[in-house]
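As C-alpha cells, the structure follows; a few thoughts come after it.
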Amino acid sequence: MQVKFLKSLVETLVNKQAVPIIDLLTGKEHVNEFLIAKKLGLTINQVRNILYKLSDYGLVSFIRKKDKKKGWYIYFWTLNIYQSLNLLEQTLKKELAGLEGQLKNRQERRYYTCNTCSIEVTEETALLNDFACSECEEVYQLSKNEEVIHDLEGRIAKIKKEIEMVVSEKSEEEGKLEKKKVRKIKTAERKKKFLRDKKRNIKKAEKDKLKIKAIKKNKNISKKKISKKKKSSLKDLKNLLAKKNAKKKESKKKKKR
C-alpha cells in the first residue's frame with residue numbers, strides 16, 4: 001500500500017490530524033474508535049469527525065456494535081484499501097495532466113522574467129507591456145525554458161512510476177476482493193443448502209412421525225379386533241358347553257323315569 005502518498009492525499013483532503021489515523025488502520029480491520037482516540041490523544045468526537053470526513057471520500061468503512069454494559073454503540077473502523085488506491089490513482093493522473101499541460105506550454109511558448117521582481121509572464125503579456133515590468137519598469141529577460149522543461153520532465157516521469165505502482169497494487173487488491181466475493185458467495189450458498197437440507201429433514205422427520213403414529217394406530221386397531229374375536233369365541237364355547245350340560249341333565253332325568 002502506498003501509505004506515503006495516501007498520507008499526503010489525506011492531509012490535502014482533510015487535515016494534518018487525519019494523517020496518523022492511516023498508520024493505525026493500515027493492515028488492520030475493525031479498529032476500535034476509542035483505541036484510536038487514546039493513541040492520538042484526541043476526544044472521541046474529534047476522532048469521529050475525522051473518520052466521518054474520510055468516510056465521505058470512501059477511504060474508510062465501519063461496523064458498529066452495541067456495548068452490553070453501557071448500552072451505547074461503538075464503531076470499529078477499517079481502511080478501504082481499494083478505494084484509497086483508486087482515489088490516489090485519480091489524484092496522480094490529475095497532477096500528471098497538469099504537469100503535461102505545463103510542459104507543452106513551455107515547449108511551444110516563450111516566457112519572460114523580471115529579475116528584480118522575480119515575476120514571470122507570457123510573451124503576450126510582455127508584448128502588451130512593451131517588454132517592461134509593470135511593477136518596476138525593468139526590462140523583461142527571456143526565461144530559460146530548458147531548466148523548467150527538464151524539471152517538469154523529471155516530475156512527470158516520477159508521477160508515471162507512482163501511477164504504475166498504484167495501478168499494480170490496485171490490481172492485486174482487486175484480485176483479493178474478487179476472492180473474498182467468491183468466498184462470500186460460496187459461504188452463502190452453503191448456508192442456503194444447509195437451511196434447505198434442514199427444512200427437508202424436518203419435513204421428513206414430521207412425515208416419519210405421522211407414519212409411525214399411523215402404524216401404531218393400525219396395530220392397536222388390529223389388537224382390538226383380535227381381542228374381540230377371542231371374546232366371541234369364548235362365548236361360543238361357553239354356550240356349547242352349557243347346551244351339552246343341559247342335554248346331559250335331560251337324559252339323566254328321562255332314565256330315572
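Naming scheme: A, B, ... for chains in displayed order of the C-alpha cells; residues 1 onward per chain; ligands 1 onward as shown.
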
Extract the full set of strand (DSSP E or B) residues from segment 122-178 of chain A according to DSSP on the backbone, and format it as a short mmCIF file (atom, residue, chain, number, x, y, z; two decimals) with N, CA and C atoms, in the first residue's frame.
```cif
data_model
loop_
_atom_site.label_atom_id
_atom_site.label_comp_id
_atom_site.auth_asym_id
_atom_site.auth_seq_id
_atom_site.Cartn_x
_atom_site.Cartn_y
_atom_site.Cartn_z
N THR A 122 3.88 35.63 -19.68
CA THR A 122 3.85 35.06 -21.03
C THR A 122 4.32 36.10 -22.05
N ALA A 132 8.44 45.56 -20.66
CA ALA A 132 8.93 46.19 -19.42
C ALA A 132 8.01 45.79 -18.27
N VAL A 139 13.38 45.99 -17.73
CA VAL A 139 13.18 45.27 -18.99
C VAL A 139 13.14 43.76 -18.72
N GLN A 141 13.54 39.79 -19.23
CA GLN A 141 14.56 38.92 -19.83
C GLN A 141 13.89 37.61 -20.26
N LEU A 142 14.34 37.07 -21.39
CA LEU A 142 13.78 35.80 -21.88
C LEU A 142 14.10 34.67 -20.90
#
```

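Counting only C-alpha atoms, Glu162 of chain A has the following residues at most 12 Å away, ignoring those fewer than 4 positions along the same chain: Met1, Gln2, Val3, Lys4, Phe5, Leu6, Leu85, Leu88, Glu89, Gln90, Thr91, Leu92, Lys93, Glu95, Leu96, Arg155, Ile156, Ala157, Lys158, Val166, Val167, Ser168 and Glu169 of chain A.
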
Fill in the blank from the handout: Nearest to Ser84 of chain A, restricted to only C-alpha atoms and choosing among A:Ser134, A:Ser8, A:Asn245, A:Thr113, comes out as A:Ser8

Practice task
May I have all residues of segment 50-251 of chain A that DSSP, computed from the backbone, assigns to alpha helix (DSSP H), given as a ChimeraX atom specification?
Solution key: /A:50-56,81-108,123-128,145-251

Exercise for the section: Grab the atom CA of Lys65 of chain A to atom CA of Ile185 of chain A distance for me, in Å with one decimal place. Expected result: 24.3 Å

Exercise for the section: Tell me which protein, DNA and RNA residues are within 9 Å of Ala126 of chain A, counting only C-alpha atoms, leaving out same-chain ones fewer than 4 positions away, and put them as a list in words. Expected result: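 Here the qualifying residues turn out to be Tyr111, Tyr112, Val121, Thr122, Asp130, Phe131, Ala132, Cys133 and Tyr140 of chain A.
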
Could you write out that same residue set with C-alpha atoms as a short mmCIF file (atom, residue, chain, number, x, y, z; two decimals), in the first residue's frame?
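Writing done, so here's again17.cif:
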```
data_model
loop_
_atom_site.label_atom_id
_atom_site.label_comp_id
_atom_site.auth_asym_id
_atom_site.auth_seq_id
_atom_site.Cartn_x
_atom_site.Cartn_y
_atom_site.Cartn_z
CA TYR A 111 8.15 33.31 -21.24
CA TYR A 112 9.82 36.46 -19.90
CA VAL A 121 4.93 36.44 -17.70
CA THR A 122 3.85 35.06 -21.03
CA ASP A 130 6.33 46.76 -24.19
CA PHE A 131 8.60 44.12 -22.60
CA ALA A 132 8.93 46.19 -19.42
CA CYS A 133 7.83 45.08 -15.94
CA TYR A 140 12.00 41.65 -19.17
#
```

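The gap separating atom CA of Leu152 of chain A from atom CA of Cys114 of chain A is 21.5 Å, in Å to one decimal.
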
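Straight-line separation from atom CA of Leu59 of chain A to atom CA of Leu87 of chain A: 8.4 Å.
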
Exercise for the section: Would you mind telling me which residue in A:Val19, A:Lys161, A:Val14, A:Glu29 lies nearest to Lys53 of chain A when using only C-alpha atoms? Expected result: A:Val14
